[in-house]
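Please read the structure below before turning to the comments.
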4 protein chains.
Amino acid sequence: MTDQPPAYRAHPFDDDKLREECGVFGVLGVADAANFVALGLHALQHRGQEAGGIVTYDAERGFNSARRFGYVRDTFTSADVMQTLPGSLGIGHVRYSTSGSKGPAQIRDVQPFFGEFSMGGAAIAHNGNITNAQALRRELIERGSIFQSSSDTECIIHLMARSLQKGIPERMEDALRRVEGAFSIVAMTRTKLIGVRDPLGVRPLVLGRVGDGWVLSSETCALDIIGAELVREIDPGEMVVITEEHGVESLRPFRPVRPRFCIFEHVYFSRPDSIIGGRSVYETRRQIGVELAREAPVEADLVCPVPDSGTPAAIGFSQESGIPYAMGIVRNQYMGRTFIEPTEQIRNMGVRLKLNVNRALIRGKRVILVDDSVVRGTTSRKIKEMILDAGAAEVHFRIASPPTSWPCFYGVDTPQREKLLAASMSEEEMRSHLAVDSLRFISLDGLYRAVGEPQGRDAGTPQYCDACFSGEYPVEPSDMIEQGFTLKAAE
Amino acid sequence: MTDQPPAYRAHPFDDDKLREECGVFGVLGVADAANFVALGLHALQHRGQEAGGIVTYDAERGFNSARRFGYVRDTFTSADVMQTLPGSLGIGHVRYSTSGSKGPAQIRDVQPFFGEFSMGGAAIAHNGNITNAQALRRELIERGSIFQSSSDTECIIHLMARSLQKGIPERMEDALRRVEGAFSIVAMTRTKLIGVRDPLGVRPLVLGRVGDGWVLSSETCALDIIGAELVREIDPGEMVVITEEHGVESLRPFRPVRPRFCIFEHVYFSRPDSIIGGRSVYETRRQIGVELAREAPVEADLVCPVPDSGTPAAIGFSQESGIPYAMGIVRNQYMGRTFIEPTEQIRNMGVRLKLNVNRALIRGKRVILVDDSVVRGTTSRKIKEMILDAGAAEVHFRIASPPTSWPCFYGVDTPQREKLLAASMSEEEMRSHLAVDSLRFISLDGLYRAVGEPQGRDAGTPQYCDACFSGEYPVEPSDMIEQGFTLKAAE
Amino acid sequence: MTDQPPAYRAHPFDDDKLREECGVFGVLGVADAANFVALGLHALQHRGQEAGGIVTYDAERGFNSARRFGYVRDTFTSADVMQTLPGSLGIGHVRYSTSGSKGPAQIRDVQPFFGEFSMGGAAIAHNGNITNAQALRRELIERGSIFQSSSDTECIIHLMARSLQKGIPERMEDALRRVEGAFSIVAMTRTKLIGVRDPLGVRPLVLGRVGDGWVLSSETCALDIIGAELVREIDPGEMVVITEEHGVESLRPFRPVRPRFCIFEHVYFSRPDSIIGGRSVYETRRQIGVELAREAPVEADLVCPVPDSGTPAAIGFSQESGIPYAMGIVRNQYMGRTFIEPTEQIRNMGVRLKLNVNRALIRGKRVILVDDSVVRGTTSRKIKEMILDAGAAEVHFRIASPPTSWPCFYGVDTPQREKLLAASMSEEEMRSHLAVDSLRFISLDGLYRAVGEPQGRDAGTPQYCDACFSGEYPVEPSDMIEQGFTLKAAE
Amino acid sequence: MTDQPPAYRAHPFDDDKLREECGVFGVLGVADAANFVALGLHALQHRGQEAGGIVTYDAERGFNSARRFGYVRDTFTSADVMQTLPGSLGIGHVRYSTSGSKGPAQIRDVQPFFGEFSMGGAAIAHNGNITNAQALRRELIERGSIFQSSSDTECIIHLMARSLQKGIPERMEDALRRVEGAFSIVAMTRTKLIGVRDPLGVRPLVLGRVGDGWVLSSETCALDIIGAELVREIDPGEMVVITEEHGVESLRPFRPVRPRFCIFEHVYFSRPDSIIGGRSVYETRRQIGVELAREAPVEADLVCPVPDSGTPAAIGFSQESGIPYAMGIVRNQYMGRTFIEPTEQIRNMGVRLKLNVNRALIRGKRVILVDDSVVRGTTSRKIKEMILDAGAAEVHFRIASPPTSWPCFYGVDTPQREKLLAASMSEEEMRSHLAVDSLRFISLDGLYRAVGEPQGRDAGTPQYCDACFSGEYPVEPSDMIEQGFTLKAAE
């Protein structure tokens, strides 16, 4: 059923990037937990801009929830909203969009989701994607469950409701053992803050400490904003159950497998000031630029980043190559969700609303443009035209990731395979299509070296999930196969 | 769980009336059904002002739904909303508030409710109240159902989801046989419009025809607004299943009992231009005034209605007594939901914002005030003071219903028994409490005569549900008894 | 210049009535004056529903103002707004629309208007219409004044700014001596509350007392709502200057003429519970019904008012004729400004959204319909059709005012002359046009008798302004003549 | 008078910068001019974020205007608004705040301003500040002008209204000869687009061509967004009157003086991709970094910009010094106007909501922080603390402008002199106050060299207005002196 949505439309730009679909955050043992959650979600806003939600628990008022479309800074900062979210325990979620939803965004698809069980209530927030959600949903409806959302995450609540276990953490274990795919989950009961990562650990989740309280977050940048200390990353396949009395209890509900963290978190999704595996994401990206300059050098006058995501790799490329770094393209900082009902005229202006070329700087120069990735190639093409219009002598693209030729089914919004430029073209074909002087992607081994694997990729069992580049899916995307998706092996 | 609600608050006035909680409407076989439903709900707005919802079905877009707080005239008239509701089959609901809800109003409590079953979806809208809802809810949660609202009506959807029957009408029969209390239901599948009344027929439901289409409505006034013809009332205990191919199929899923229609629909709930049992509600109310003038005559100069609900009875009283009818109290027509955040100063002004005495008319006169009912007595007291302030010589209250001394549990919002003035005071005590020259209520037999029972009330099995006056509940209010309510028999 | 207006549109209904364009209110010497002004404006809402404004003065914060589209109950009741309006002196205004404005409503046309002069500021609110505003405006622009609104009232501010007098009341006298037409004005400086009526006293203005404070209001009903006592009416041609120190000072700045109060205030504009000339407006209207029954009797079964404005005359008609009074037409109380973006389908439903016939009551009856006036005749025609559709045997219209055949230029919104049914048809032609069994208007002499002139109308110098009936304009409408309007004498 | 404002509050951050107060834009001779104006204003949004306005002229509908609080991207992009602004001629304005306004922002202070004169209407938009506005206002009020805003710009309209000249351009000349201070004005009549710069040319204004149409804009970046070509800068003291028939007519209404362009436009106000005097603003800022590295070298491990305004100078500093450039501080890109009603807790978090330190990068390093300016010093202090908290070994501040020790009175929002850190402290005192290892500002001569004056500053008559650094005001700030401001000479 399609509910008539609020007056909100996602913006039509930035559609030429892969997009992380969610960020999760939770805190236990601090006064006014909702304020901490709002700040944490604000720091995680890059992981989902469409909507956000917060649930808290307070002995007097029970569970409280607020879910809103729009940015956290606009929706979870007024006293009006925050006063409705009392308590010292809370979790939150930001999302870009949920799997399977067609048509306009629906408030009932906004997490955290809540379920009332006979032993009490629980709320859960999920980053990732359940690859057998459709099959589970069919089965649950046949048994008499009523679904309220189009989200894959709701399956978990219904599986928990039907579990024969007594306690909520036990029911969650039961439910997650039926679930396939990627999940980093933050959940809560009246007294417990719970965190879980799937056995492969595809999506990130970290544990922090703030005063006497505990924090769970998708990334460390959200610990910084509230002044929390990073304790450690939650392990792949680990479940932590945190209470004020007993602190952190660690469980291992799943059969152990070799972890496969998403390598694209390094390339684009995570914030540059977050720390993954003890290392700054910014530094990793700069190192990608260094590798790229070694693999694909070219003579030129300037190295310019495609703002903002190409910046660290461009700095690394400049430092390794000795070619001066310059801001040849300037981003309009007032571009946001914006120009939501553009006229045809405005729509045709494309990227010009967001980016402007520094004409006086570019004129007559040989320019290296460093970007993080090429998805459809539409933005790359427009940027190339802007640079040439401004009088550049040569344009060389250097891309800080390998060709993106397969969709992601683990919580990232990717176009269908046909829409991916690299799915049907070789590097040279892409260069010719974009009509640039040269185009080079970093190699898969080069990327592995930059993220800290000096031997490169282990072709047997790769150290990361790199399905978007390699087509090797660590978990079979069974719903998608049912819908007709063809695996690489079967091609 | 309490969801942070939209910026809406029910107004603090009119709190001294019993309030019908819902109106239902449905239509099949007309183009743009949603427009008809919106008009029908607008005509039924007096049955529920807090919120409204519409569901339609369209082959291309499936089920569509819109739910809003506020008046139909404000929420279901913009092209924006109505365009999201295509199709030739639709149902709708207006509500005052749902049973059991504490705290602020929640959009997820707004009907119609929708459930996706393995054989397809169904939406239902319910007027009445399920008296064993809490027990059913507990049972369903234990079996693994996830409730999304605090409404008693949601039990029906979950009972349907777990039924072993194949078809949706059959599952609804199954579900309703487990349900106790009062229900007039309008429901729909992809092809069927369904209407049901509980075996006692406590709440009204009528069948109409518009062009080649069919209509179900709480009252006939909603047929008039769309130019539909009244076909007949749905019988107590009847279920009608209407399709475009086969028209109206009538079923009798319940064991037959003697009907007990709510007598207060005649006194206050229904609109004066509706027809019940072949007779104008206005005419019945005028007849109550005639009976009252016979039972409780008094010498006076003017008969004034308490606007607007006392008007028909005041006209009848004037005609029977020969005392001139006059508009001694004038209602401010711009009072609506209004003054939603009044200052303390305004709050203390009480009824003056809504009503004003016609001072030049009242001065020195002996005035008979005719009102429909006395609930808490707070409004009566203020009106009496206004009349005396304006210089009336005498004030005589005549009430067009018997003393309201018991709460209703069948879909009417009544205060707790302690708050009902008549629960603890005799007629003379109330007169003295209100400090008026005389106060008389119509007798229960007088009321039965006025509604068309020349022999008065059948004390054995009364012809109507009159529990609010008599304390004789035709269905045991089991949830309330569990919460400590004491039946009259047990006092 | 047309400013892009807020999302507001006047509703398309009730367009078949003359409409008072403004109500004014002011108070001096009470704490939180703005609350009193808001309540007063709420009581005067029937005089203008489009927009309202309040100005207050407070020693610390100076002059403060808030102007809003919509009903007072929605716009001037939140703490947010009211806290911005401190002080013990304030004035307010409600309006329907201003003279001369074409296109969408503009917030800058909403009164009170404010001017900063060298000796301090002043705010004014105006009920009426300046008939030489265009000529004044042209003259002022040529001298270098910058107009901000399209309102005739702004001329007064500019005339005051250019006066050679020292004090603000003196400048206002200067300005008003240049102004022709109808004006009842409430104005304020930092310390003074000022009231003025034009020499003919076309529009009403009354003085009241609340505690130690003073009140000015268009009607007495706004004194009642705040618990103020009526002191007296402001005389035609009188200016009162009220201060906390010296109370009320009365001035006579204009040459005296015989007053010509607007007789239509009795017929329709004023609220029935207001008092004019010591007499209840309701009682006057009832008396019009009595006169009408004497002038134009007819045999029938029921006397039904066209709600709500025909009610008092219908009561009088019933009492004089002995034919029973009945509510044959019921008004939907949830109709307000409403259905603002109706679909074509809804638009065609015409009056049915607002009114419904009590079918069970009307069937087979001879019905007398009493209405206050006939303007375009469009509503009368639809009501007649509804009554006949419901099965009435005969329909007789009785109208509580003479035929409206001339536009008003003194602060009332009337259609152009061509649109007035009575401008081109005789009574019999109108009857035939409406296709009713009989149609009768009260005579002009009958109306004068009912408002308390036993000898009827003084044909030499009538006691009232009755230009809308007689075409005799007490002040020449010079702007309109310039635009091509032809006076009766010149026809 | 204070009008109750809309629900908008300027955000409390970024309060430690000087702020340009306005941007202006106009276009003639293109279809749907309003779309071009909206895009131009979007590109100029950095010059004013509080509000914006657009006026257009269309033969059929006359002048049309829309004024809104908030970003252009949110307010001037919906079809709703843009459809109300037809025509091929339009001007627009974005503003931060107007001179003299205390209390909440008022829509009537939002430009363009409009005046109806006897020969037709005109609209004007102004960047700059009139230094004798108070004296002019007093004089005009005494003569009978009514001011509607608190803006200095309104004086120009009133002076024009009282001019004895016939044509609007001539009246504007008349008015501007009475005005002192800085002004870059874009104005329009029904057929003319007009641009003027004050004799000193303090604020920028450029002329461009788009198709057959003409454009005026504060900066060239707004030409780029609509695909217009830069024709030339408007000269100091020049007035251009542009019509479709005759193109650009150039007038010189003022006595010529040596120009004094605002040097701070180079340092901070203008966008890095704009071109001033044939040179990229980015390149000038990079050059400032180069000069700074020469003037104030220091041994360190990293050069980090304070984002975003310190970036170009940091790149230059790194290139000149050979010390690696790094993103040690990361800006939250979702910070905008944001967190408008922060709780106390959030308010205390200060800059952390906007900026985060890249902890893994900074730890143990000697860090050079490059910022564009130091105003109050509050932000510098917080940034230093964040850097030290993250474990930096040393912190060295390098500032790309001389010490800001005097307020600007020519259209820039500066704190009162007492609040400027450099007004009362020497460089060493500031270093000690900020508790950093070293702090160096670029010299005034170094800044002049970087902007292209190889000989440095001409002490006799400086080539730029640098009053904020030098205290030498090229136009006497007479209103401020009247209010007690003491000139440097008089200290």
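Residue names in the structure tokens use chain letters A, B, ... in the order shown, residue numbers from 1 in each chain, and ligand numbers from 1 in the order shown.
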Counting only C-alpha atoms, what are the residues of chain A within 10 Å of chain B, and for each of them which pair of atoms is the nearest and at what distance in Å, to one decimal? Sort the table by chain and rising number, as a tab-separated table.
```
residue	atom	partner	partner_atom	distance
A:Met1	CA	B:Phe63	CA	4.8
A:Thr2	CA	B:Asn64	CA	4.8
A:Asp3	CA	B:Ser65	CA	4.6
A:Gln4	CA	B:Ala66	CA	4.9
A:Pro5	CA	B:Ala66	CA	8.0
A:Pro6	CA	B:Val81	CA	9.9
A:Ala7	CA	B:Asp80	CA	9.5
A:Ile54	CA	B:Asp3	CA	9.9
A:Val55	CA	B:Asp3	CA	8.8
A:Thr56	CA	B:Met1	CA	9.7
A:Tyr57	CA	B:Met1	CA	9.2
A:Arg61	CA	B:Thr2	CA	8.3
A:Gly62	CA	B:Met1	CA	6.7
A:Phe63	CA	B:Met1	CA	4.8
A:Asn64	CA	B:Thr2	CA	4.8
A:Ser65	CA	B:Asp3	CA	4.6
A:Ala66	CA	B:Gln4	CA	4.9
A:Arg67	CA	B:Gln4	CA	7.7
A:Arg68	CA	B:Gln4	CA	9.7
A:Asp80	CA	B:Ala7	CA	9.5
A:Val81	CA	B:Gln4	CA	7.2
A:Met82	CA	B:Gln4	CA	9.4
A:Gln83	CA	B:Gln4	CA	9.6
A:Thr84	CA	B:Gln4	CA	6.4
A:Leu85	CA	B:Gln4	CA	8.2
A:Gly103	CA	B:Arg61	CA	9.9
A:Arg108	CA	B:Arg108	CA	8.9
A:Phe114	CA	B:Met1	CA	7.9
A:Gly115	CA	B:Ile146	CA	6.0
A:Glu116	CA	B:Ile146	CA	6.4
A:Phe117	CA	B:Ile141	CA	6.2
A:Ser118	CA	B:Glu142	CA	5.6
A:Met119	CA	B:Glu142	CA	9.1
A:Gly121	CA	B:Met1	CA	8.3
A:Ala122	CA	B:Met1	CA	9.8
A:Ala123	CA	B:Met1	CA	9.9
A:Arg138	CA	B:Ser118	CA	7.7
A:Glu139	CA	B:Ser118	CA	9.3
A:Leu140	CA	B:Ser118	CA	9.5
A:Ile141	CA	B:Ser118	CA	6.1
A:Glu142	CA	B:Ser118	CA	5.6
A:Arg143	CA	B:Arg162	CA	6.9
A:Gly144	CA	B:Ala161	CA	4.4
A:Ser145	CA	B:Ser145	CA	6.0
A:Ile146	CA	B:Gly115	CA	6.0
A:Phe147	CA	B:Glu116	CA	7.0
A:Gln148	CA	B:Gln148	CA	7.6
A:Ile157	CA	B:Ile146	CA	8.0
A:His158	CA	B:Ile146	CA	6.9
A:Leu159	CA	B:Gly144	CA	8.5
A:Met160	CA	B:Gly144	CA	8.1
A:Ala161	CA	B:Gly144	CA	4.4
A:Arg162	CA	B:Gly144	CA	4.6
A:Ser163	CA	B:Gly144	CA	7.9
A:Leu164	CA	B:Gly144	CA	9.6
```
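For the pair atom CA of Phe485 of chain C and atom CA of Asp466 of chain C, the interatomic distance is 17.9 Å.
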DSSP-assigned strand (DSSP E) among segment 42-140 of chain B, expressed as a ChimeraX atom specification: /B:51-58,62-69,89-95,113-117,120-130
Neighbour list for Ser443 of chain C as a CSV table (one decimal) with N, CA and C atoms, in the first residue's frame, cut-off 8 Å, only C-alpha atoms, skip fewer than 3 positions in-chain:
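Saved the output as part_8.csv:
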```
chain,number,residue,atom,x,y,z
C,401,SER,N,-35.2,42.3,3.1
C,401,SER,CA,-34.7,43.6,2.7
C,401,SER,C,-35.3,43.9,1.4
C,402,PRO,N,-35.3,45.2,1.1
C,402,PRO,CA,-35.8,45.6,-0.3
C,402,PRO,C,-34.8,45.1,-1.3
C,446,GLY,N,-41.5,49.6,5.0
C,446,GLY,CA,-41.6,48.5,6.0
C,446,GLY,C,-40.3,48.3,6.7
C,447,LEU,N,-39.2,48.4,6.0
C,447,LEU,CA,-37.9,48.2,6.7
C,447,LEU,C,-37.7,49.3,7.7
```
I'd like to know which residues of segment 130-246 of chain D are alpha helix (DSSP H) (by DSSP, run on the backbone); could you write them as a compact mmCIF listing (two decimals) with N, CA, C and O atoms, in the first residue's frame?
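Wrote it out as part14.txt, contents follow:
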```txt
# COMPACT_ATOMS: atom_id res chain seq x y z
N ALA D 133 22.88 57.99 6.33
CA ALA D 133 21.48 57.59 6.20
C ALA D 133 20.60 58.17 7.31
O ALA D 133 19.46 58.57 7.08
N GLN D 134 21.14 58.22 8.53
CA GLN D 134 20.30 58.71 9.63
C GLN D 134 19.94 60.18 9.45
O GLN D 134 18.80 60.58 9.69
N ALA D 135 20.91 60.95 9.06
CA ALA D 135 20.63 62.37 8.85
C ALA D 135 19.63 62.55 7.72
O ALA D 135 18.68 63.36 7.83
N LEU D 136 19.80 61.81 6.64
CA LEU D 136 18.86 61.89 5.51
C LEU D 136 17.45 61.50 5.94
O LEU D 136 16.47 62.14 5.59
N ARG D 137 17.36 60.44 6.73
CA ARG D 137 16.07 59.94 7.17
C ARG D 137 15.34 60.99 8.01
O ARG D 137 14.15 61.24 7.81
N ARG D 138 16.07 61.58 8.94
CA ARG D 138 15.46 62.62 9.76
C ARG D 138 14.91 63.74 8.90
O ARG D 138 13.78 64.20 9.09
N GLU D 139 15.70 64.17 7.97
CA GLU D 139 15.29 65.27 7.10
C GLU D 139 14.04 64.89 6.29
O GLU D 139 13.10 65.69 6.17
N LEU D 140 14.03 63.67 5.77
CA LEU D 140 12.91 63.25 4.92
C LEU D 140 11.62 63.10 5.73
O LEU D 140 10.54 63.46 5.26
N ILE D 141 11.73 62.57 6.95
CA ILE D 141 10.53 62.43 7.80
C ILE D 141 9.97 63.80 8.12
O ILE D 141 8.75 64.02 8.09
N GLU D 142 10.84 64.75 8.40
CA GLU D 142 10.35 66.10 8.69
C GLU D 142 9.59 66.69 7.51
O GLU D 142 8.66 67.47 7.70
N GLU D 154 16.29 52.69 1.84
CA GLU D 154 15.00 53.32 1.55
C GLU D 154 15.13 54.83 1.33
O GLU D 154 14.32 55.43 0.63
N CYS D 155 16.17 55.44 1.93
CA CYS D 155 16.39 56.88 1.69
C CYS D 155 16.46 57.20 0.20
O CYS D 155 15.99 58.24 -0.25
N ILE D 156 17.10 56.31 -0.56
CA ILE D 156 17.29 56.58 -1.99
C ILE D 156 15.95 56.70 -2.69
O ILE D 156 15.73 57.61 -3.49
N ILE D 157 15.03 55.79 -2.37
CA ILE D 157 13.69 55.83 -2.97
C ILE D 157 12.99 57.16 -2.63
O ILE D 157 12.39 57.81 -3.50
N HIS D 158 13.07 57.58 -1.38
CA HIS D 158 12.38 58.82 -1.00
C HIS D 158 13.03 60.04 -1.63
O HIS D 158 12.34 60.98 -2.03
N LEU D 159 14.36 60.03 -1.71
CA LEU D 159 15.04 61.15 -2.40
C LEU D 159 14.61 61.19 -3.86
O LEU D 159 14.37 62.26 -4.41
N MET D 160 14.49 60.03 -4.48
CA MET D 160 14.03 59.99 -5.87
C MET D 160 12.61 60.52 -6.00
O MET D 160 12.29 61.27 -6.93
N ALA D 161 11.74 60.16 -5.05
CA ALA D 161 10.34 60.59 -5.12
C ALA D 161 10.23 62.11 -5.06
O ALA D 161 9.29 62.70 -5.61
N ARG D 162 11.17 62.76 -4.39
CA ARG D 162 11.11 64.22 -4.21
C ARG D 162 11.97 64.98 -5.21
O ARG D 162 11.99 66.21 -5.18
N ILE D 168 13.47 58.69 -14.52
CA ILE D 168 13.90 57.92 -13.35
C ILE D 168 15.42 57.87 -13.23
O ILE D 168 15.95 58.09 -12.13
N PRO D 169 16.19 57.65 -14.31
CA PRO D 169 17.65 57.67 -14.15
C PRO D 169 18.12 59.03 -13.64
O PRO D 169 19.01 59.09 -12.76
N GLU D 170 17.54 60.12 -14.12
CA GLU D 170 17.92 61.44 -13.67
C GLU D 170 17.59 61.62 -12.18
O GLU D 170 18.36 62.22 -11.43
N ARG D 171 16.43 61.12 -11.76
CA ARG D 171 16.08 61.21 -10.34
C ARG D 171 17.06 60.38 -9.50
O ARG D 171 17.38 60.76 -8.37
N MET D 172 17.50 59.27 -10.04
CA MET D 172 18.45 58.46 -9.29
C MET D 172 19.78 59.19 -9.13
O MET D 172 20.38 59.21 -8.05
N GLU D 173 20.24 59.83 -10.18
CA GLU D 173 21.46 60.65 -10.09
C GLU D 173 21.30 61.70 -8.99
O GLU D 173 22.17 61.86 -8.13
N ASP D 174 20.18 62.42 -9.06
CA ASP D 174 19.87 63.43 -8.06
C ASP D 174 19.98 62.87 -6.64
O ASP D 174 20.60 63.47 -5.75
N ALA D 175 19.35 61.71 -6.45
CA ALA D 175 19.32 61.10 -5.12
C ALA D 175 20.72 60.67 -4.69
O ALA D 175 21.15 60.94 -3.55
N LEU D 176 21.47 60.06 -5.60
CA LEU D 176 22.76 59.48 -5.20
C LEU D 176 23.78 60.58 -4.92
O LEU D 176 24.75 60.37 -4.18
N ARG D 177 23.57 61.78 -5.47
CA ARG D 177 24.49 62.88 -5.15
C ARG D 177 24.32 63.35 -3.70
O ARG D 177 25.23 63.98 -3.16
N CYS D 221 31.28 35.01 -10.74
CA CYS D 221 30.83 33.63 -10.56
C CYS D 221 29.35 33.49 -10.91
O CYS D 221 28.90 32.41 -11.29
N ALA D 222 28.58 34.58 -10.76
CA ALA D 222 27.15 34.53 -11.10
C ALA D 222 26.93 34.67 -12.60
O ALA D 222 25.85 34.34 -13.10
N LEU D 223 27.92 35.14 -13.33
CA LEU D 223 27.82 35.07 -14.79
C LEU D 223 28.01 33.63 -15.25
O LEU D 223 27.31 33.14 -16.12
N ASP D 224 29.00 32.97 -14.66
CA ASP D 224 29.30 31.58 -15.05
C ASP D 224 28.08 30.68 -14.92
O ASP D 224 27.81 29.85 -15.78
N ILE D 225 27.34 30.83 -13.84
CA ILE D 225 26.25 29.87 -13.58
C ILE D 225 25.17 29.95 -14.64
O ILE D 225 24.48 28.96 -14.91
```
Identify, on the basis of only C-alpha atoms, every residue whose closest approach to segment 230-234 of chain D does not exceed 7 Å; exclude the query and any residue fewer than 3 positions from it along the same chain; express the result as a PDB file with N, CA, C and O atoms, in the first residue's frame.
```
ATOM      1  N   LEU D 205      31.008  45.411  -9.043  1.00  0.00           N
ATOM      2  CA  LEU D 205      29.845  45.288  -9.938  1.00  0.00           C
ATOM      3  C   LEU D 205      30.364  45.047 -11.345  1.00  0.00           C
ATOM      4  O   LEU D 205      31.196  45.807 -11.835  1.00  0.00           O
ATOM      5  N   VAL D 206      29.879  43.975 -11.984  1.00  0.00           N
ATOM      6  CA  VAL D 206      30.373  43.646 -13.318  1.00  0.00           C
ATOM      7  C   VAL D 206      29.219  43.563 -14.311  1.00  0.00           C
ATOM      8  O   VAL D 206      28.061  43.353 -13.937  1.00  0.00           O
ATOM      9  N   LEU D 207      29.569  43.739 -15.584  1.00  0.00           N
ATOM     10  CA  LEU D 207      28.613  43.710 -16.681  1.00  0.00           C
ATOM     11  C   LEU D 207      28.880  42.455 -17.515  1.00  0.00           C
ATOM     12  O   LEU D 207      30.040  42.145 -17.810  1.00  0.00           O
ATOM     13  N   GLY D 208      27.788  41.755 -17.894  1.00  0.00           N
ATOM     14  CA  GLY D 208      27.956  40.553 -18.705  1.00  0.00           C
ATOM     15  C   GLY D 208      26.916  40.493 -19.801  1.00  0.00           C
ATOM     16  O   GLY D 208      25.977  41.292 -19.850  1.00  0.00           O
ATOM     17  N   ARG D 209      27.076  39.536 -20.668  1.00  0.00           N
ATOM     18  CA  ARG D 209      26.210  39.361 -21.819  1.00  0.00           C
ATOM     19  C   ARG D 209      25.744  37.920 -21.818  1.00  0.00           C
ATOM     20  O   ARG D 209      26.567  37.003 -21.670  1.00  0.00           O
ATOM     21  N   THR D 220      31.699  37.759 -10.860  1.00  0.00           N
ATOM     22  CA  THR D 220      31.674  37.003 -12.112  1.00  0.00           C
ATOM     23  C   THR D 220      31.186  35.570 -11.942  1.00  0.00           C
ATOM     24  O   THR D 220      30.697  34.963 -12.886  1.00  0.00           O
ATOM     25  N   LEU D 223      27.918  35.137 -13.330  1.00  0.00           N
ATOM     26  CA  LEU D 223      27.822  35.074 -14.789  1.00  0.00           C
ATOM     27  C   LEU D 223      28.013  33.631 -15.252  1.00  0.00           C
ATOM     28  O   LEU D 223      27.307  33.139 -16.122  1.00  0.00           O
ATOM     29  N   GLU D 238      30.650  55.193 -12.162  1.00  0.00           N
ATOM     30  CA  GLU D 238      29.914  55.061 -13.421  1.00  0.00           C
ATOM     31  C   GLU D 238      28.462  54.640 -13.179  1.00  0.00           C
ATOM     32  O   GLU D 238      28.162  53.894 -12.241  1.00  0.00           O
TER      33      GLU D 238
END
```
Nearby residues (only C-alpha atoms) at most 12 Å from Thr284 of chain C, same-chain spacing under 3 positions excluded, as an MDAnalysis selection string: (chainID B and resid 360:361) or (chainID C and resid 263:268 270:281 287:291 312:313 315:316 400 446:453)
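Counting from atom CA of Leu292 of chain A, the distance to atom CA of Gly310 of chain A is 12.4 Å.
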Find the residues around segment 251-259 of chain B up to 8 Å (only C-alpha atoms counted), leave out those fewer than 3 positions away in its own chain, and share them as a compact mmCIF listing (two decimals) with C-alpha atoms, in the first residue's frame.
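part13.txt was written with the following content:
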```
# COMPACT_ATOMS: atom_id res chain seq x y z
CA GLU B 173 -16.45 -13.35 9.57
CA ARG B 177 -16.99 -13.85 15.73
CA PRO B 199 -25.68 -8.36 16.10
CA LEU B 200 -27.23 -5.64 18.32
CA GLY B 201 -26.85 -2.98 15.62
CA VAL B 202 -25.67 -0.42 18.18
CA PRO B 236 -28.13 -5.61 12.82
CA GLY B 237 -25.97 -8.71 12.42
CA GLU B 238 -25.87 -8.40 8.62
CA MET B 239 -22.78 -8.48 6.42
CA VAL B 240 -23.07 -7.17 2.85
CA VAL B 241 -20.42 -8.02 0.24
CA GLN B 463 -35.87 -1.70 22.32
CA TYR B 464 -32.73 0.46 22.42
```
